[in-house]
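Asks: I am sharing entry.cif, which consists of mmCIF, C-alpha atoms:
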```cif
data_input
#
loop_
_atom_site.label_atom_id
_atom_site.label_comp_id
_atom_site.auth_asym_id
_atom_site.auth_seq_id
_atom_site.Cartn_x
_atom_site.Cartn_y
_atom_site.Cartn_z
CA MET D 20 -19.84 -21.38 -16.65
CA SER D 21 -18.57 -23.35 -13.68
CA SER D 22 -15.19 -22.49 -12.17
CA ASN D 23 -12.72 -24.54 -10.18
CA GLY D 24 -12.20 -23.41 -6.59
CA PHE D 25 -8.61 -22.42 -7.24
CA GLU D 26 -9.60 -19.92 -9.93
CA LEU D 27 -11.01 -17.31 -7.51
CA PRO D 28 -7.75 -16.65 -5.63
CA LEU D 29 -5.79 -16.75 -8.86
CA ARG D 30 -8.09 -14.22 -10.56
CA LEU D 31 -8.00 -11.95 -7.50
CA LEU D 32 -4.21 -12.19 -7.41
CA LEU D 33 -3.94 -11.49 -11.14
CA ALA D 34 -6.23 -8.46 -10.83
CA PHE D 35 -4.19 -7.18 -7.89
CA LYS D 36 -0.92 -7.73 -9.74
CA MET D 37 -2.20 -5.98 -12.87
CA LEU D 38 -3.30 -2.93 -10.89
CA ILE D 39 -0.07 -2.76 -8.87
CA ASP D 40 2.10 -3.25 -11.96
CA GLU D 41 0.25 -0.47 -13.80
CA LEU D 42 0.51 1.79 -10.75
CA HIS D 43 4.26 1.26 -10.43
CA ALA D 44 4.93 1.73 -14.13
CA GLU D 45 3.14 5.08 -13.98
CA LEU D 46 4.84 6.08 -10.72
CA ALA D 47 8.21 5.37 -12.34
CA ARG D 48 7.26 7.60 -15.29
CA GLU D 49 6.24 10.32 -12.84
CA GLY D 50 9.51 10.35 -10.90
CA HIS D 51 9.16 7.53 -8.37
CA PRO D 52 11.08 4.58 -9.85
CA ASP D 53 12.28 3.26 -6.46
CA ILE D 54 8.86 2.56 -4.95
CA ARG D 55 8.19 -1.13 -4.34
CA PRO D 56 4.68 -2.50 -3.71
CA MET D 57 5.32 -3.02 0.01
CA TYR D 58 6.47 0.58 0.40
CA GLY D 59 3.04 1.89 -0.54
CA PHE D 60 1.40 -0.12 2.24
CA VAL D 61 4.03 1.06 4.71
CA MET D 62 3.69 4.71 3.71
CA GLN D 63 -0.10 4.50 4.01
CA ALA D 64 0.31 3.01 7.48
CA ILE D 65 2.70 5.83 8.46
CA GLY D 66 0.08 8.35 7.40
CA PRO D 67 0.25 12.14 7.40
CA ASP D 68 0.88 12.42 11.16
CA GLY D 69 3.71 9.90 11.38
CA THR D 70 4.11 6.92 13.68
CA THR D 71 6.73 4.99 15.62
CA ALA D 72 8.38 1.79 14.38
CA VAL D 73 6.57 -0.16 17.11
CA GLU D 74 3.17 1.25 16.09
CA LEU D 75 4.00 0.69 12.42
CA GLY D 76 4.88 -2.94 13.07
CA ARG D 77 1.65 -3.42 15.02
CA THR D 78 -0.44 -1.85 12.24
CA LEU D 79 1.17 -4.00 9.56
CA GLY D 80 1.31 -7.15 11.68
CA VAL D 81 5.12 -7.42 11.47
CA THR D 82 7.92 -7.16 14.01
CA LYS D 83 9.43 -3.86 15.08
CA GLN D 84 12.66 -5.03 13.44
CA ALA D 85 10.97 -5.76 10.10
CA ALA D 86 9.22 -2.39 10.21
CA GLY D 87 12.52 -0.70 11.12
CA LYS D 88 14.31 -2.32 8.17
CA THR D 89 11.65 -1.08 5.78
CA VAL D 90 11.81 2.40 7.31
CA ASP D 91 15.61 2.32 6.82
CA ASN D 92 15.08 1.57 3.12
CA LEU D 93 12.44 4.28 2.73
CA GLU D 94 14.66 6.79 4.52
CA ARG D 95 17.61 5.90 2.28
CA ILE D 96 15.59 6.67 -0.87
CA GLY D 97 14.06 9.85 0.56
CA TYR D 98 10.46 8.89 1.28
CA VAL D 99 10.50 9.08 5.09
CA GLU D 100 12.49 10.75 7.83
CA ARG D 101 12.95 10.03 11.50
CA THR D 102 12.24 12.89 13.89
CA THR D 103 11.83 13.36 17.61
CA ASP D 104 8.24 13.30 18.81
CA PRO D 105 7.42 16.87 19.90
CA ARG D 106 5.17 15.46 22.66
CA ASP D 107 7.77 13.01 24.02
CA SER D 108 11.46 13.58 23.28
CA ARG D 109 12.25 9.92 24.08
CA ARG D 110 10.17 8.71 21.12
CA LYS D 111 11.28 8.71 17.50
CA LEU D 112 8.61 9.33 14.89
CA VAL D 113 8.74 8.19 11.31
CA ARG D 114 7.22 10.81 9.02
CA LEU D 115 6.70 11.04 5.31
CA THR D 116 8.90 13.55 3.49
CA PRO D 117 7.44 15.81 0.79
CA HIS D 118 8.76 13.23 -1.72
CA GLY D 119 6.85 10.50 0.16
CA MET D 120 3.66 12.56 0.25
CA ASP D 121 4.03 13.23 -3.47
CA ALA D 122 4.27 9.48 -4.14
CA LEU D 123 1.09 8.83 -2.12
CA ASP D 124 -0.78 11.68 -3.81
CA ARG D 125 0.24 10.40 -7.24
CA SER D 126 -0.68 6.83 -6.25
CA ALA D 127 -4.17 7.94 -5.25
CA ARG D 128 -4.66 9.75 -8.56
CA ILE D 129 -3.32 6.79 -10.55
CA PHE D 130 -5.55 4.33 -8.67
CA ASP D 131 -8.54 6.58 -9.44
CA THR D 132 -7.59 6.48 -13.13
CA LEU D 133 -7.24 2.70 -13.05
CA ARG D 134 -10.59 2.34 -11.32
CA THR D 135 -12.18 4.56 -13.98
CA ARG D 136 -10.79 2.23 -16.66
CA TRP D 137 -12.18 -0.81 -14.88
CA ALA D 138 -15.58 0.91 -14.53
CA ALA D 139 -15.58 1.70 -18.27
CA GLU D 140 -14.86 -1.96 -19.05
CA LEU D 141 -17.11 -3.66 -16.48
CA GLY D 142 -19.73 -0.96 -15.85
CA GLU D 143 -19.89 1.23 -12.75
CA ASP D 144 -22.69 -0.82 -11.14
CA ARG D 145 -20.81 -4.11 -11.53
CA LEU D 146 -17.60 -2.61 -10.21
CA ASN D 147 -19.42 -1.10 -7.21
CA ALA D 148 -21.00 -4.49 -6.51
CA LEU D 149 -17.61 -6.23 -6.77
CA GLU D 150 -16.05 -3.74 -4.33
CA SER D 151 -18.98 -4.10 -1.94
CA ASP D 152 -18.76 -7.90 -2.04
CA LEU D 153 -15.01 -7.85 -1.46
CA ARG D 154 -15.48 -5.52 1.55
CA ARG D 155 -18.00 -7.98 2.96
CA MET D 156 -15.63 -10.93 2.50
CA THR D 157 -12.38 -9.35 3.75
CA PRO D 158 -11.20 -7.95 7.11
CA ASP D 159 -12.04 -4.37 7.99
CA ASN D 160 -8.39 -3.27 8.24
CA PRO D 161 -6.93 -3.42 4.72
CA TRP D 162 -3.46 -2.39 5.93
CA ARG D 163 -2.85 -5.30 8.28
CA LEU D 164 -0.87 -7.82 6.29
CA ASP D 165 -0.27 -10.38 9.08
CA ILE D 166 2.25 -12.31 7.04
CA PRO D 167 5.71 -10.76 7.08
CA GLY D 168 7.24 -10.98 3.68
CA TRP D 169 3.92 -11.56 1.85
CA PHE D 170 5.12 -9.24 -0.91
CA GLY D 171 8.76 -10.23 -0.50
CA THR D 172 11.22 -9.41 2.20
CA LEU D 173 10.41 -6.24 4.08
#
```
Hey, can you dump this file as structure tokens for me?
Replies:
Amino acid sequence: MSSNGFELPLRLLLAFKMLIDELHAELAREGHPDIRPMYGFVMQAIGPDGTTAVELGRTLGVTKQAAGKTVDNLERIGYVERTTDPRDSRRKLVRLTPHGMDALDRSARIFDTLRTRWAAELGEDRLNALESDLRRMTPDNPWRLDIPGWFGTL
């Protein structure tokens, strides 16, 4: 079966949207109804050791101001906190709270469950091949978004 060129990005987008929608529905059931898709990327970029707003913006490919606005939102809903860097009191670190770490831990488990479902439907070998091919065709850094607002306003 021959496909039109536009079908590939649409199918990839639909697959992404399905996975993210299923993730967020389950996260809401498990006590995280306020998480938006962009927040997951931001929290992953913050990581377990924390980061500064400048470093976060650089990692995500957005401005310090855009990163700061997202951090403000995450802080307001209890997923991150701002603290003084113990190595340099002039720097402010953004760190995940226990609530934020819980959301990431649950996300990882839910994504594993979703992947298991896909493997059951497609076959483990086909899914492994798909993932390998996508790694080959996409940039090495999956967290760098480069387009502020790609998932909506930060």
Asks: Written as a list in words, what is the full residue list that the PyMOL selection byres ((chain D and resi 90) around 9) yields on the file shown?
Replies: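 For this structure, the PyMOL selection byres ((chain D and resi 90) around 9) captures Tyr58, Val61, Ala72, Ala85, Ala86, Gly87, Lys88, Thr89, Asp91, Asn92, Leu93, Glu94, Arg95, Tyr98, Val99, Glu100, Arg101 and Val113 of chain D.
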Asks: I need the chosen residues saved as a compact mmCIF listing (two decimals), keeping the file's coordinate frame, with C-alpha atoms.
Replies:
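So the final result, stored in selection-v7.txt, reads:
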```txt
# COMPACT_ATOMS: atom_id res chain seq x y z
CA TYR D 58 6.47 0.58 0.40
CA VAL D 61 4.03 1.06 4.71
CA ALA D 72 8.38 1.79 14.38
CA ALA D 85 10.97 -5.76 10.10
CA ALA D 86 9.22 -2.39 10.21
CA GLY D 87 12.52 -0.70 11.12
CA LYS D 88 14.31 -2.32 8.17
CA THR D 89 11.65 -1.08 5.78
CA ASP D 91 15.61 2.32 6.82
CA ASN D 92 15.08 1.57 3.12
CA LEU D 93 12.44 4.28 2.73
CA GLU D 94 14.66 6.79 4.52
CA ARG D 95 17.61 5.90 2.28
CA TYR D 98 10.46 8.89 1.28
CA VAL D 99 10.50 9.08 5.09
CA GLU D 100 12.49 10.75 7.83
CA ARG D 101 12.95 10.03 11.50
CA VAL D 113 8.74 8.19 11.31
```
Asks: Could you expand the PyMOL selection byres ((chain D and resi 50) around 12) into the explicit residues it covers here, written as a count of residues only?
Replies: 17
Asks: Go through D:Met62, D:Leu42, D:Leu33, D:Met57 and flag the residue nearest D:Leu115, using all atoms listed in the file for the distances.
Replies: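 Closest residue, counting all atoms listed in the file: D:Met62.
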Asks: How far is it from atom CA of D:Ala148 to atom CA of D:Leu123, in Å with one decimal?
Replies: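 It comes out at 26.2 Å.
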Asks: What does the structure give for the distance between atom CA of D:Glu26 and atom CA of D:Gly80, in Å to one decimal?
Replies: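 Taking atom CA of D:Glu26 as the start and atom CA of D:Gly80 as the end point, the length is 27.4 Å.
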Asks: Which one is closest to D:Pro105: D:Ile39, D:Leu29, D:Asn23, D:Asp68? Count all atoms listed in the file.
Replies: D:Asp68
Asks: Provide the atom CA of D:Leu32 to atom CA of D:Leu75 distance in Å, to one decimal place.
Replies: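 Atom CA of D:Leu75 lies 25.0 Å from atom CA of D:Leu32.
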Asks: Generate the missing atoms of stretch 29-40 of chain D up to all heavy atoms and report them as a CSV table (one decimal), in the coordinates of the input.
Replies:
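Output file result22.csv is given in full below:
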```
chain,number,residue,atom,x,y,z
D,29,LEU,N,-6.7,-17.1,-7.8
D,29,LEU,CA,-5.8,-16.8,-8.9
D,29,LEU,C,-6.3,-15.5,-9.6
D,29,LEU,O,-5.5,-14.6,-9.9
D,29,LEU,CB,-5.7,-17.9,-9.8
D,29,LEU,CG,-4.9,-19.1,-9.3
D,29,LEU,CD1,-4.9,-20.3,-10.3
D,29,LEU,CD2,-3.4,-18.7,-9.0
D,30,ARG,N,-7.6,-15.4,-9.9
D,30,ARG,CA,-8.1,-14.2,-10.6
D,30,ARG,C,-7.9,-13.0,-9.7
D,30,ARG,O,-7.6,-11.9,-10.2
D,30,ARG,CB,-9.5,-14.4,-11.0
D,30,ARG,CG,-9.8,-15.5,-12.0
D,30,ARG,CD,-9.3,-15.0,-13.3
D,30,ARG,NE,-9.3,-16.1,-14.3
D,30,ARG,CZ,-8.7,-16.1,-15.4
D,30,ARG,NH1,-8.1,-15.0,-15.9
D,30,ARG,NH2,-8.8,-17.2,-16.2
D,31,LEU,N,-8.2,-13.1,-8.4
D,31,LEU,CA,-8.0,-12.0,-7.5
D,31,LEU,C,-6.5,-11.5,-7.5
D,31,LEU,O,-6.2,-10.3,-7.5
D,31,LEU,CB,-8.5,-12.3,-6.1
D,31,LEU,CG,-10.0,-12.4,-5.9
D,31,LEU,CD1,-10.3,-13.0,-4.5
D,31,LEU,CD2,-10.7,-11.1,-6.1
D,32,LEU,N,-5.6,-12.5,-7.4
D,32,LEU,CA,-4.2,-12.2,-7.4
D,32,LEU,C,-3.8,-11.5,-8.7
D,32,LEU,O,-3.1,-10.6,-8.7
D,32,LEU,CB,-3.4,-13.5,-7.2
D,32,LEU,CG,-1.9,-13.3,-7.1
D,32,LEU,CD1,-1.4,-12.3,-6.0
D,32,LEU,CD2,-1.2,-14.6,-7.0
D,33,LEU,N,-4.3,-12.1,-9.8
D,33,LEU,CA,-3.9,-11.5,-11.1
D,33,LEU,C,-4.5,-10.1,-11.3
D,33,LEU,O,-3.8,-9.2,-11.8
D,33,LEU,CB,-4.5,-12.3,-12.3
D,33,LEU,CG,-3.8,-13.7,-12.5
D,33,LEU,CD1,-4.6,-14.5,-13.5
D,33,LEU,CD2,-2.4,-13.4,-13.1
D,34,ALA,N,-5.7,-9.8,-10.8
D,34,ALA,CA,-6.2,-8.5,-10.8
D,34,ALA,C,-5.4,-7.5,-10.0
D,34,ALA,O,-5.0,-6.4,-10.4
D,34,ALA,CB,-7.7,-8.5,-10.4
D,35,PHE,N,-5.0,-8.0,-8.8
D,35,PHE,CA,-4.2,-7.2,-7.9
D,35,PHE,C,-2.9,-6.9,-8.6
D,35,PHE,O,-2.4,-5.7,-8.6
D,35,PHE,CB,-4.0,-7.9,-6.6
D,35,PHE,CG,-3.0,-7.3,-5.6
D,35,PHE,CD1,-3.4,-6.2,-4.9
D,35,PHE,CD2,-1.7,-7.7,-5.6
D,35,PHE,CE1,-2.5,-5.6,-4.0
D,35,PHE,CE2,-0.8,-7.1,-4.7
D,35,PHE,CZ,-1.2,-6.1,-3.9
D,36,LYS,N,-2.2,-7.9,-9.1
D,36,LYS,CA,-0.9,-7.7,-9.7
D,36,LYS,C,-1.0,-6.8,-10.9
D,36,LYS,O,-0.1,-5.9,-11.1
D,36,LYS,CB,-0.4,-9.1,-10.2
D,36,LYS,CG,1.1,-9.0,-10.7
D,36,LYS,CD,1.6,-10.3,-11.1
D,36,LYS,CE,3.1,-10.2,-11.6
D,36,LYS,NZ,3.5,-9.1,-12.3
D,37,MET,N,-2.0,-6.9,-11.7
D,37,MET,CA,-2.2,-6.0,-12.9
D,37,MET,C,-2.3,-4.5,-12.4
D,37,MET,O,-1.6,-3.6,-12.9
D,37,MET,CB,-3.5,-6.3,-13.7
D,37,MET,CG,-3.3,-7.5,-14.5
D,37,MET,SD,-4.9,-8.0,-15.3
D,37,MET,CE,-5.4,-6.4,-16.1
D,38,LEU,N,-3.1,-4.3,-11.4
D,38,LEU,CA,-3.3,-2.9,-10.9
D,38,LEU,C,-2.0,-2.4,-10.3
D,38,LEU,O,-1.6,-1.2,-10.6
D,38,LEU,CB,-4.4,-2.9,-9.8
D,38,LEU,CG,-5.8,-3.1,-10.4
D,38,LEU,CD1,-6.8,-3.3,-9.2
D,38,LEU,CD2,-6.3,-1.9,-11.2
D,39,ILE,N,-1.3,-3.2,-9.5
D,39,ILE,CA,-0.1,-2.8,-8.9
D,39,ILE,C,1.0,-2.5,-9.9
D,39,ILE,O,1.8,-1.6,-9.9
D,39,ILE,CB,0.4,-3.8,-7.8
D,39,ILE,CG1,-0.7,-3.8,-6.7
D,39,ILE,CG2,1.8,-3.4,-7.3
D,39,ILE,CD1,-0.9,-2.5,-5.9
D,40,ASP,N,1.1,-3.4,-10.9
D,40,ASP,CA,2.1,-3.2,-12.0
D,40,ASP,C,1.8,-2.0,-12.8
D,40,ASP,O,2.8,-1.2,-13.1
D,40,ASP,CB,2.1,-4.4,-12.9
D,40,ASP,CG,2.8,-5.7,-12.3
D,40,ASP,OD1,3.4,-5.6,-11.2
D,40,ASP,OD2,2.6,-6.8,-12.9
```
